[in-house]
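Data from my_file_33.pdb: PDB, C-alpha atoms
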```
ATOM      1  CA  MET X   1       0.000   0.000   0.000  1.00  0.00           C
ATOM      2  CA  GLU X   2       1.322   3.403  -0.950  1.00  0.00           C
ATOM      3  CA  ARG X   3       1.886   5.702   2.008  1.00  0.00           C
ATOM      4  CA  VAL X   4       1.049   9.371   1.709  1.00  0.00           C
ATOM      5  CA  ALA X   5       3.308  11.895   3.374  1.00  0.00           C
ATOM      6  CA  PRO X   6       1.670  14.077   6.061  1.00  0.00           C
ATOM      7  CA  ASP X   7       2.450  17.305   4.169  1.00  0.00           C
ATOM      8  CA  ALA X   8       0.921  15.904   1.025  1.00  0.00           C
ATOM      9  CA  ALA X   9      -2.183  14.830   2.923  1.00  0.00           C
ATOM     10  CA  VAL X  10      -2.627  18.287   4.403  1.00  0.00           C
ATOM     11  CA  LYS X  11      -2.179  19.878   0.991  1.00  0.00           C
ATOM     12  CA  ALA X  12      -4.687  17.497  -0.568  1.00  0.00           C
ATOM     13  CA  ALA X  13      -7.211  18.247   2.153  1.00  0.00           C
ATOM     14  CA  GLY X  14      -6.670  21.967   1.653  1.00  0.00           C
ATOM     15  CA  ASP X  15      -7.297  21.618  -2.067  1.00  0.00           C
ATOM     16  CA  ALA X  16     -10.572  19.735  -1.537  1.00  0.00           C
ATOM     17  CA  PRO X  17     -13.523  21.662  -2.945  1.00  0.00           C
ATOM     18  CA  GLY X  18     -15.639  21.255   0.211  1.00  0.00           C
ATOM     19  CA  ARG X  19     -13.065  22.557   2.698  1.00  0.00           C
ATOM     20  CA  LEU X  20     -14.124  25.054   5.372  1.00  0.00           C
ATOM     21  CA  GLN X  21     -12.867  28.599   5.011  1.00  0.00           C
ATOM     22  CA  LEU X  22     -12.099  30.340   8.290  1.00  0.00           C
ATOM     23  CA  SER X  23     -12.432  34.114   8.503  1.00  0.00           C
ATOM     24  CA  LEU X  24     -11.401  36.490  11.231  1.00  0.00           C
ATOM     25  CA  PRO X  25     -14.209  37.896  13.397  1.00  0.00           C
ATOM     26  CA  GLN X  26     -15.338  41.394  12.591  1.00  0.00           C
ATOM     27  CA  LEU X  27     -15.011  43.434  15.808  1.00  0.00           C
ATOM     28  CA  ALA X  28     -16.197  46.952  16.601  1.00  0.00           C
ATOM     29  CA  TYR X  29     -14.140  48.658  19.330  1.00  0.00           C
ATOM     30  CA  SER X  30     -15.247  51.357  21.791  1.00  0.00           C
ATOM     31  CA  TYR X  31     -12.737  53.145  24.017  1.00  0.00           C
ATOM     32  CA  SER X  32     -13.882  54.886  27.200  1.00  0.00           C
ATOM     33  CA  LEU X  33     -11.139  56.938  28.872  1.00  0.00           C
ATOM     34  CA  SER X  34     -11.250  59.151  31.955  1.00  0.00           C
ATOM     35  CA  TYR X  35      -8.435  61.505  32.997  1.00  0.00           C
ATOM     36  CA  LEU X  36      -7.795  63.617  36.106  1.00  0.00           C
ATOM     37  CA  LEU X  37      -5.893  66.869  35.595  1.00  0.00           C
ATOM     38  CA  PRO X  38      -5.162  70.135  37.403  1.00  0.00           C
ATOM     39  CA  ASN X  39      -8.124  72.437  36.852  1.00  0.00           C
ATOM     40  CA  ASP X  40      -6.225  74.885  34.623  1.00  0.00           C
ATOM     41  CA  GLY X  41      -4.754  72.015  32.576  1.00  0.00           C
ATOM     42  CA  ILE X  42      -8.068  70.560  31.385  1.00  0.00           C
ATOM     43  CA  PRO X  43      -8.669  72.944  28.426  1.00  0.00           C
ATOM     44  CA  VAL X  44      -4.998  72.735  27.410  1.00  0.00           C
ATOM     45  CA  VAL X  45      -4.943  68.933  27.250  1.00  0.00           C
ATOM     46  CA  GLN X  46      -8.367  68.785  25.588  1.00  0.00           C
ATOM     47  CA  ASP X  47      -7.156  71.143  22.840  1.00  0.00           C
ATOM     48  CA  LYS X  48      -4.019  69.010  22.365  1.00  0.00           C
ATOM     49  CA  HIS X  49      -6.143  65.908  21.883  1.00  0.00           C
ATOM     50  CA  ARG X  50      -8.398  67.729  19.423  1.00  0.00           C
ATOM     51  CA  LEU X  51      -5.415  68.984  17.410  1.00  0.00           C
ATOM     52  CA  LEU X  52      -3.941  65.470  17.387  1.00  0.00           C
ATOM     53  CA  CYS X  53      -7.130  64.203  15.766  1.00  0.00           C
ATOM     54  CA  GLU X  54      -7.245  67.042  13.242  1.00  0.00           C
ATOM     55  CA  GLU X  55      -3.617  66.448  12.224  1.00  0.00           C
ATOM     56  CA  MET X  56      -4.416  62.800  11.427  1.00  0.00           C
ATOM     57  CA  GLY X  57      -7.009  63.879   8.860  1.00  0.00           C
ATOM     58  CA  PRO X  58     -10.677  62.901   8.476  1.00  0.00           C
ATOM     59  CA  ALA X  59      -9.819  59.543   6.915  1.00  0.00           C
ATOM     60  CA  ARG X  60      -8.055  58.450  10.115  1.00  0.00           C
ATOM     61  CA  CYS X  61      -9.725  60.520  12.833  1.00  0.00           C
ATOM     62  CA  GLN X  62     -13.058  62.340  13.046  1.00  0.00           C
ATOM     63  CA  LEU X  63     -14.174  64.747  15.763  1.00  0.00           C
ATOM     64  CA  LEU X  64     -17.745  64.002  16.865  1.00  0.00           C
ATOM     65  CA  ALA X  65     -18.340  66.193  19.937  1.00  0.00           C
ATOM     66  CA  LEU X  66     -16.518  68.603  22.237  1.00  0.00           C
ATOM     67  CA  GLU X  67     -17.859  69.895  25.551  1.00  0.00           C
ATOM     68  CA  ARG X  68     -16.212  72.059  28.165  1.00  0.00           C
ATOM     69  CA  GLY X  69     -17.664  72.940  31.572  1.00  0.00           C
ATOM     70  CA  VAL X  70     -18.961  76.499  31.907  1.00  0.00           C
ATOM     71  CA  GLY X  71     -19.549  78.116  35.315  1.00  0.00           C
ATOM     72  CA  THR X  72     -18.231  77.415  38.772  1.00  0.00           C
ATOM     73  CA  ASP X  73     -20.210  74.203  39.187  1.00  0.00           C
ATOM     74  CA  ARG X  74     -18.870  72.564  36.000  1.00  0.00           C
ATOM     75  CA  GLY X  75     -15.575  74.376  35.535  1.00  0.00           C
ATOM     76  CA  GLY X  76     -13.599  71.172  36.125  1.00  0.00           C
ATOM     77  CA  GLU X  77     -15.358  68.977  33.550  1.00  0.00           C
ATOM     78  CA  ALA X  78     -14.822  68.366  29.828  1.00  0.00           C
ATOM     79  CA  LEU X  79     -15.758  65.775  27.209  1.00  0.00           C
ATOM     80  CA  LEU X  80     -14.368  64.783  23.826  1.00  0.00           C
ATOM     81  CA  LYS X  81     -15.808  62.215  21.400  1.00  0.00           C
ATOM     82  CA  MET X  82     -13.896  60.998  18.353  1.00  0.00           C
ATOM     83  CA  ARG X  83     -13.774  58.174  15.826  1.00  0.00           C
ATOM     84  CA  VAL X  84     -10.282  56.814  15.089  1.00  0.00           C
ATOM     85  CA  ALA X  85      -9.052  54.268  12.549  1.00  0.00           C
ATOM     86  CA  THR X  86      -9.008  50.902  14.316  1.00  0.00           C
ATOM     87  CA  ALA X  87      -5.514  50.106  13.074  1.00  0.00           C
ATOM     88  CA  GLU X  88      -4.193  53.195  14.880  1.00  0.00           C
ATOM     89  CA  ALA X  89      -6.470  53.188  17.940  1.00  0.00           C
ATOM     90  CA  ARG X  90      -3.938  51.725  20.365  1.00  0.00           C
ATOM     91  CA  ARG X  91      -1.193  54.129  19.291  1.00  0.00           C
ATOM     92  CA  PHE X  92      -3.673  56.988  19.558  1.00  0.00           C
ATOM     93  CA  GLN X  93      -4.495  56.040  23.161  1.00  0.00           C
ATOM     94  CA  ILE X  94      -0.782  56.013  24.056  1.00  0.00           C
ATOM     95  CA  LEU X  95      -0.417  59.564  22.698  1.00  0.00           C
ATOM     96  CA  LEU X  96      -3.432  60.686  24.733  1.00  0.00           C
ATOM     97  CA  ASP X  97      -1.922  59.224  27.913  1.00  0.00           C
ATOM     98  CA  HIS X  98       1.384  60.944  27.153  1.00  0.00           C
ATOM     99  CA  ASP X  99      -0.222  64.396  26.858  1.00  0.00           C
ATOM    100  CA  VAL X 100      -2.050  63.887  30.160  1.00  0.00           C
ATOM    101  CA  ALA X 101       1.126  62.792  31.966  1.00  0.00           C
ATOM    102  CA  GLU X 102       3.027  65.821  30.636  1.00  0.00           C
ATOM    103  CA  ALA X 103       0.334  68.120  32.079  1.00  0.00           C
ATOM    104  CA  GLY X 104       0.652  66.558  35.534  1.00  0.00           C
ATOM    105  CA  GLY X 105      -2.477  64.424  35.253  1.00  0.00           C
ATOM    106  CA  ARG X 106      -3.205  60.734  35.480  1.00  0.00           C
ATOM    107  CA  THR X 107      -5.555  58.108  34.073  1.00  0.00           C
ATOM    108  CA  GLU X 108      -8.579  57.540  36.291  1.00  0.00           C
ATOM    109  CA  ASN X 109     -10.299  54.873  34.216  1.00  0.00           C
ATOM    110  CA  ALA X 110      -9.769  53.098  30.889  1.00  0.00           C
ATOM    111  CA  LYS X 111     -12.181  50.629  29.298  1.00  0.00           C
ATOM    112  CA  ILE X 112     -12.182  48.917  25.902  1.00  0.00           C
ATOM    113  CA  ALA X 113     -15.427  47.264  24.797  1.00  0.00           C
ATOM    114  CA  THR X 114     -15.763  45.039  21.737  1.00  0.00           C
ATOM    115  CA  GLU X 115     -18.784  43.885  19.775  1.00  0.00           C
ATOM    116  CA  GLU X 116     -18.604  41.133  17.171  1.00  0.00           C
ATOM    117  CA  VAL X 117     -20.635  42.116  14.118  1.00  0.00           C
ATOM    118  CA  SER X 118     -19.573  39.249  11.829  1.00  0.00           C
ATOM    119  CA  LYS X 119     -23.029  37.640  11.784  1.00  0.00           C
ATOM    120  CA  GLN X 120     -24.757  40.946  11.132  1.00  0.00           C
ATOM    121  CA  ILE X 121     -22.444  41.638   8.213  1.00  0.00           C
ATOM    122  CA  VAL X 122     -22.934  38.172   6.708  1.00  0.00           C
ATOM    123  CA  ASP X 123     -26.724  38.341   7.112  1.00  0.00           C
ATOM    124  CA  THR X 124     -26.881  41.827   5.609  1.00  0.00           C
ATOM    125  CA  GLU X 125     -24.744  40.821   2.631  1.00  0.00           C
ATOM    126  CA  ALA X 126     -27.036  37.801   2.018  1.00  0.00           C
ATOM    127  CA  ARG X 127     -30.112  40.028   2.196  1.00  0.00           C
ATOM    128  CA  ILE X 128     -28.519  42.427  -0.292  1.00  0.00           C
ATOM    129  CA  ARG X 129     -27.849  39.607  -2.768  1.00  0.00           C
ATOM    130  CA  GLN X 130     -31.441  38.388  -2.458  1.00  0.00           C
ATOM    131  CA  ARG X 131     -32.867  41.845  -3.049  1.00  0.00           C
ATOM    132  CA  GLU X 132     -30.542  42.427  -5.983  1.00  0.00           C
ATOM    133  CA  LEU X 133     -31.782  39.217  -7.640  1.00  0.00           C
ATOM    134  CA  LEU X 134     -35.405  40.157  -6.942  1.00  0.00           C
ATOM    135  CA  VAL X 135     -34.981  43.646  -8.368  1.00  0.00           C
ATOM    136  CA  ALA X 136     -33.244  42.248 -11.465  1.00  0.00           C
ATOM    137  CA  ARG X 137     -35.977  39.675 -12.073  1.00  0.00           C
ATOM    138  CA  LEU X 138     -38.820  42.177 -11.626  1.00  0.00           C
ATOM    139  CA  THR X 139     -37.057  44.753 -13.767  1.00  0.00           C
ATOM    140  CA  GLU X 140     -36.634  42.207 -16.536  1.00  0.00           C
ATOM    141  CA  ALA X 141     -40.345  41.369 -16.335  1.00  0.00           C
ATOM    142  CA  LEU X 142     -41.221  45.048 -16.704  1.00  0.00           C
ATOM    143  CA  ARG X 143     -38.793  45.476 -19.585  1.00  0.00           C
ATOM    144  CA  THR X 144     -40.221  42.583 -21.587  1.00  0.00           C
ATOM    145  CA  ARG X 145     -43.817  43.393 -20.588  1.00  0.00           C
ATOM    146  CA  ALA X 146     -44.348  39.739 -19.702  1.00  0.00           C
ATOM    147  CA  GLY X 147     -47.696  39.578 -17.946  1.00  0.00           C
ATOM    148  CA  THR X 148     -51.088  41.226 -17.725  1.00  0.00           C
ATOM    149  CA  PRO X 149     -51.425  44.965 -16.920  1.00  0.00           C
ATOM    150  CA  PRO X 150     -52.372  44.283 -13.242  1.00  0.00           C
ATOM    151  CA  GLN X 151     -49.352  41.986 -12.943  1.00  0.00           C
ATOM    152  CA  LEU X 152     -47.085  44.658 -14.396  1.00  0.00           C
ATOM    153  CA  VAL X 153     -48.428  47.272 -11.984  1.00  0.00           C
ATOM    154  CA  ALA X 154     -47.848  44.904  -9.066  1.00  0.00           C
ATOM    155  CA  ALA X 155     -44.353  44.135 -10.359  1.00  0.00           C
ATOM    156  CA  GLU X 156     -43.537  47.833 -10.602  1.00  0.00           C
ATOM    157  CA  ARG X 157     -44.698  48.365  -7.015  1.00  0.00           C
ATOM    158  CA  SER X 158     -42.644  45.371  -5.882  1.00  0.00           C
ATOM    159  CA  VAL X 159     -39.569  46.754  -7.624  1.00  0.00           C
ATOM    160  CA  THR X 160     -39.940  50.029  -5.716  1.00  0.00           C
ATOM    161  CA  GLU X 161     -40.309  48.266  -2.363  1.00  0.00           C
ATOM    162  CA  ALA X 162     -37.424  45.890  -3.052  1.00  0.00           C
ATOM    163  CA  GLN X 163     -35.195  48.790  -4.117  1.00  0.00           C
ATOM    164  CA  GLU X 164     -35.980  50.646  -0.878  1.00  0.00           C
ATOM    165  CA  GLU X 165     -35.109  47.562   1.169  1.00  0.00           C
ATOM    166  CA  LEU X 166     -31.932  47.149  -0.861  1.00  0.00           C
ATOM    167  CA  ASP X 167     -30.886  50.753  -0.167  1.00  0.00           C
ATOM    168  CA  ARG X 168     -31.537  50.353   3.557  1.00  0.00           C
ATOM    169  CA  ALA X 169     -29.543  47.105   3.668  1.00  0.00           C
ATOM    170  CA  ARG X 170     -26.618  48.693   1.829  1.00  0.00           C
ATOM    171  CA  SER X 171     -26.673  51.647   4.228  1.00  0.00           C
ATOM    172  CA  TRP X 172     -26.702  49.341   7.244  1.00  0.00           C
ATOM    173  CA  LEU X 173     -23.855  47.282   5.784  1.00  0.00           C
ATOM    174  CA  GLY X 174     -21.823  50.443   5.297  1.00  0.00           C
ATOM    175  CA  GLU X 175     -22.459  51.443   8.902  1.00  0.00           C
ATOM    176  CA  LEU X 176     -21.378  48.020  10.184  1.00  0.00           C
ATOM    177  CA  LYS X 177     -18.182  48.045   8.158  1.00  0.00           C
ATOM    178  CA  GLY X 178     -17.548  51.620   9.295  1.00  0.00           C
ATOM    179  CA  ARG X 179     -17.802  50.528  12.933  1.00  0.00           C
ATOM    180  CA  VAL X 180     -15.205  47.851  12.262  1.00  0.00           C
ATOM    181  CA  ALA X 181     -12.863  50.204  10.425  1.00  0.00           C
ATOM    182  CA  MET X 182     -13.211  53.100  12.913  1.00  0.00           C
ATOM    183  CA  SER X 183     -13.165  52.831  16.722  1.00  0.00           C
ATOM    184  CA  ASP X 184     -15.199  55.128  18.974  1.00  0.00           C
ATOM    185  CA  PHE X 185     -13.380  57.180  21.616  1.00  0.00           C
ATOM    186  CA  GLU X 186     -15.159  58.857  24.534  1.00  0.00           C
ATOM    187  CA  ILE X 187     -12.744  60.912  26.652  1.00  0.00           C
ATOM    188  CA  ARG X 188     -13.771  62.551  29.924  1.00  0.00           C
ATOM    189  CA  TYR X 189     -11.670  65.074  31.816  1.00  0.00           C
ATOM    190  CA  GLY X 190     -12.014  65.848  35.529  1.00  0.00           C
ATOM    191  CA  ALA X 191     -10.219  68.143  37.951  1.00  0.00           C
ATOM    192  CA  ILE X 192      -7.904  66.813  40.649  1.00  0.00           C
ATOM    193  CA  ALA X 193      -9.318  67.805  44.062  1.00  0.00           C
ATOM    194  CA  PRO X 194      -6.757  69.840  46.089  1.00  0.00           C
ATOM    195  CA  SER X 195      -5.531  68.187  49.293  1.00  0.00           C
ATOM    196  CA  ALA X 196      -5.841  69.806  52.722  1.00  0.00           C
ATOM    197  CA  THR X 197      -2.072  70.391  52.958  1.00  0.00           C
ATOM    198  CA  ALA X 198      -2.073  72.161  49.616  1.00  0.00           C
ATOM    199  CA  GLN X 199      -4.476  74.876  50.738  1.00  0.00           C
ATOM    200  CA  GLY X 200      -2.964  78.324  50.947  1.00  0.00           C
ATOM    201  CA  LEU X 201      -2.608  80.521  54.018  1.00  0.00           C
ATOM    202  CA  GLY X 202      -5.261  82.877  52.705  1.00  0.00           C
ATOM    203  CA  VAL X 203      -7.795  80.049  52.470  1.00  0.00           C
ATOM    204  CA  ARG X 204      -7.133  78.958  56.058  1.00  0.00           C
ATOM    205  CA  LEU X 205      -7.340  82.539  57.352  1.00  0.00           C
ATOM    206  CA  GLY X 206     -10.608  83.025  55.518  1.00  0.00           C
ATOM    207  CA  GLU X 207     -12.055  79.922  57.126  1.00  0.00           C
ATOM    208  CA  ALA X 208     -10.879  81.123  60.557  1.00  0.00           C
ATOM    209  CA  VAL X 209     -12.521  84.525  60.056  1.00  0.00           C
ATOM    210  CA  GLN X 210     -15.752  82.886  58.987  1.00  0.00           C
ATOM    211  CA  GLY X 211     -15.717  80.622  62.050  1.00  0.00           C
ATOM    212  CA  SER X 212     -15.008  83.559  64.413  1.00  0.00           C
ATOM    213  CA  GLY X 213     -17.805  85.594  62.881  1.00  0.00           C
ATOM    214  CA  ALA X 214     -20.238  82.745  63.338  1.00  0.00           C
ATOM    215  CA  VAL X 215     -19.325  82.388  67.009  1.00  0.00           C
ATOM    216  CA  PHE X 216     -19.699  86.159  67.554  1.00  0.00           C
ATOM    217  CA  LEU X 217     -23.157  86.193  65.979  1.00  0.00           C
ATOM    218  CA  MET X 218     -24.227  83.247  68.094  1.00  0.00           C
ATOM    219  CA  GLY X 219     -23.062  85.026  71.283  1.00  0.00           C
ATOM    220  CA  LEU X 220     -24.772  88.276  70.287  1.00  0.00           C
ATOM    221  CA  ASP X 221     -27.992  86.412  69.606  1.00  0.00           C
ATOM    222  CA  ALA X 222     -27.869  84.768  73.052  1.00  0.00           C
ATOM    223  CA  LEU X 223     -27.203  88.135  74.764  1.00  0.00           C
ATOM    224  CA  LEU X 224     -30.091  89.866  73.038  1.00  0.00           C
ATOM    225  CA  SER X 225     -32.416  87.013  73.903  1.00  0.00           C
ATOM    226  CA  LEU X 226     -31.385  87.288  77.571  1.00  0.00           C
ATOM    227  CA  LEU X 227     -32.017  91.054  77.628  1.00  0.00           C
ATOM    228  CA  ILE X 228     -35.464  90.580  76.108  1.00  0.00           C
ATOM    229  CA  TYR X 229     -36.392  88.113  78.827  1.00  0.00           C
ATOM    230  CA  LEU X 230     -34.973  90.322  81.687  1.00  0.00           C
ATOM    231  CA  LEU X 231     -36.324  93.673  80.460  1.00  0.00           C
ATOM    232  CA  PRO X 232     -39.785  93.369  82.127  1.00  0.00           C
ATOM    233  CA  TRP X 233     -38.196  92.406  85.479  1.00  0.00           C
ATOM    234  CA  LEU X 234     -35.731  95.283  85.302  1.00  0.00           C
ATOM    235  CA  MET X 235     -38.571  97.740  84.682  1.00  0.00           C
ATOM    236  CA  LEU X 236     -40.498  96.293  87.642  1.00  0.00           C
ATOM    237  CA  LEU X 237     -37.481  96.694  89.940  1.00  0.00           C
ATOM    238  CA  ALA X 238     -36.925 100.254  88.737  1.00  0.00           C
ATOM    239  CA  LEU X 239     -40.398 101.453  89.801  1.00  0.00           C
ATOM    240  CA  PRO X 240     -39.649 101.599  93.603  1.00  0.00           C
ATOM    241  CA  VAL X 241     -36.412 103.399  92.939  1.00  0.00           C
ATOM    242  CA  LEU X 242     -38.135 105.992  90.777  1.00  0.00           C
ATOM    243  CA  ALA X 243     -40.902 106.431  93.394  1.00  0.00           C
ATOM    244  CA  MET X 244     -38.390 106.997  96.189  1.00  0.00           C
ATOM    245  CA  ARG X 245     -36.508 109.558  94.126  1.00  0.00           C
ATOM    246  CA  ALA X 246     -39.731 111.418  93.360  1.00  0.00           C
ATOM    247  CA  LEU X 247     -40.725 111.411  97.056  1.00  0.00           C
ATOM    248  CA  ARG X 248     -37.330 112.715  98.109  1.00  0.00           C
ATOM    249  CA  LYS X 249     -37.548 115.553  95.618  1.00  0.00           C
ATOM    250  CA  GLN X 250     -40.959 116.513  97.037  1.00  0.00           C
ATOM    251  CA  ARG X 251     -39.586 116.623 100.573  1.00  0.00           C
ATOM    252  CA  GLU X 252     -36.629 118.761  99.541  1.00  0.00           C
ATOM    253  CA  SER X 253     -38.992 121.172  97.808  1.00  0.00           C
ATOM    254  CA  ALA X 254     -41.233 121.366 100.890  1.00  0.00           C
ATOM    255  CA  GLY X 255     -38.234 122.002 103.190  1.00  0.00           C
ATOM    256  CA  GLN X 256     -37.027 124.862 101.058  1.00  0.00           C
ATOM    257  CA  GLY X 257     -40.480 126.351 101.057  1.00  0.00           C
TER     258      GLY X 257
END
```
Using structure tokens, write down the structure from this file.
Amino acid sequence: MERVAPDAAVKAAGDAPGRLQLSLPQLAYSYSLSYLLPNDGIPVVQDKHRLLCEEMGPARCQLLALERGVGTDRGGEALLKMRVATAEARRFQILLDHDVAEAGGRTENAKIATEEVSKQIVDTEARIRQRELLVARLTEALRTRAGTPPQLVAAERSVTEAQEELDRARSWLGELKGRVAMSDFEIRYGAIAPSATAQGLGVRLGEAVQGSGAVFLMGLDALLSLLIYLLPWLMLLALPVLAMRALRKQRESAGQG
């Protein structure tokens, strides 16, 4: 019996017409990054990240949204949303981290989410092929006028509906492939809260003055309340004194007379 070499067997199996073809999964990536920075460094770093995206060009990076806190309650918040070419997403994240570190900030949170869209792409491509065949068959029927007038009217209506479904399927397929080719980036910026030891002398003095003023007002309030309660008793005690003084004045006047 003739023996077949292992390499030859593998090659023969690979050349078989019914062999399975393996394909890589189609993955859509979403990056969620959160950075903490000194309050005055947030707009600077956000602008650096925006310029980095603009320098890459719209084919490799697209700016979707930019928000920056306005007012005292949101002054330490900012948001940036971008879409970056998947092949360069990891390198792009490293550059973002580098800009933050240079500004004295740090990474608070970093998440990478993936979604496999292989099945959706395959199903959408199959639906597109089916609709293309249907549109071609109905169009051919209309061109040759094969059928009764009601059948032709129904065929024309079916062509319109099938073409609309075909356009929607092609649009959805383009969106799916776009999600695979471009990764979403959501970047949030927050302010680093100052520590107690980093507070200035002026801040501590201001707090001391506020505390002293509060104690003074509390003492003044207690004193006024006490006087209000004692005032009727003081007036009652003053009546005998006033009567004695009036009587003494009368006696002195009578003695002089």
Inset, instruction - One decimal, Å: what's the distance from CA of Gly104 in chain X over to CA of Leu37 in chain X, could you say? - result: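 CA of Leu37 in chain X lies 6.6 Å from CA of Gly104 in chain X.
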Inset, instruction - Could you check which of X:Ala87, X:Ala103, X:Leu166, X:Leu142 is closest to Thr124 in chain X, using all atoms listed in the file? - result: X:Leu166
Inset, instruction - Can you give me, as a count of residues only, the residues this file yields under the PyMOL selection byres ((chain X and resi 184) around 12)? - result: 38
Inset, instruction - Carefully work through the PyMOL selection byres ((chain X and resi 25) around 7) for this structure and note down the residues it includes, as an MDAnalysis selection string. - result: chainID X and resid 23:24 26:27 116 118
Inset, instruction - Name the residues captured by the PyMOL selection byres ((chain X and resi 67) around 10) when it is applied to the shown file; answer as a list in words. - result: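 Here the PyMOL selection byres ((chain X and resi 67) around 10) matches Gln46, Ala65, Leu66, Arg68, Gly69, Val70, Glu77, Ala78, Leu79, Leu80, Lys81 and Arg188 of chain X.
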Legend entry - Nearest to Arg168 in chain X by atom-to-atom distance, counting all atoms listed in the file, from X:Val117, X:His98, X:Ile128, X:Tyr35: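 So, comparing all the options, the nearest one is X:Ile128.
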Around all the atoms of range 216-233 of chain X listed in the file, draw an axis-aligned box and extend it by 5 Å on each of the six sides; I want its centre and edge lengths in Å to one decimal, as lines of an AutoDock Vina configuration file.
```
center_x = -29.7
center_y = 88.5
center_z = 75.7
size_x = 30.1
size_y = 20.4
size_z = 29.5
```
Inset, instruction - Can you work out the spacing between CA of Gly76 in chain X and CA of Ala191 in chain X in Å, to one decimal? - result: 4.9 Å
With all atoms listed in the file as the counted atoms, please give the residues lying no more than 12 Å from Glu102 in chain X, apart from itself and same-chain residues fewer than 3 positions off, as a tab-separated table (two decimals) with C-alpha atoms, in the coordinates of the input.
```tsv
chain	number	residue	atom	x	y	z
X	37	LEU	CA	-5.89	66.87	35.60
X	38	PRO	CA	-5.16	70.14	37.40
X	41	GLY	CA	-4.75	72.02	32.58
X	44	VAL	CA	-5.00	72.74	27.41
X	45	VAL	CA	-4.94	68.93	27.25
X	48	LYS	CA	-4.02	69.01	22.36
X	95	LEU	CA	-0.42	59.56	22.70
X	96	LEU	CA	-3.43	60.69	24.73
X	97	ASP	CA	-1.92	59.22	27.91
X	98	HIS	CA	1.38	60.94	27.15
X	99	ASP	CA	-0.22	64.40	26.86
X	105	GLY	CA	-2.48	64.42	35.25
X	106	ARG	CA	-3.20	60.73	35.48
```
Legend entry - Exercise: Ala169 in chain X partners within 10 Å, all atoms listed in the file, chain neighbours under 3 positions left out, as a ChimeraX atom specification: /X:123-128,131,163-166,172-175
Inset, instruction - In the coordinate frame of the file, compute which residues have an atom within 6 Å of (-8.8, 57.5, 33.1) when using all atoms listed in the file, and state them as a PyMOL selection string. - result: chain X and resi 33-35+107-110
Legend entry - Interatomic distance (Å, one decimal) between CA of Gln120 in chain X and CA of Lys177 in chain X: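 Atom-to-atom, CA of Gln120 in chain X and CA of Lys177 in chain X are spaced 10.1 Å apart.
Closest to Ile192 in chain X among X:Gly57, X:Tyr229, X:Leu36, X:Leu239 is X:Leu36, based on all atoms listed in the file.
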Legend entry - From X:Leu152, X:Lys249, X:Leu220, X:Arg170, residue lying nearest Arg129 in chain X [only C-alpha atoms]: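 Once distances to Arg129 in chain X are computed over only C-alpha atoms, the minimum belongs to X:Arg170.
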Inset, instruction - Using only C-alpha atoms, find the one residue out of X:Ala246, X:Ala101, X:Leu224, X:Val135 that sits nearest to Asp167 in chain X. - result: X:Val135
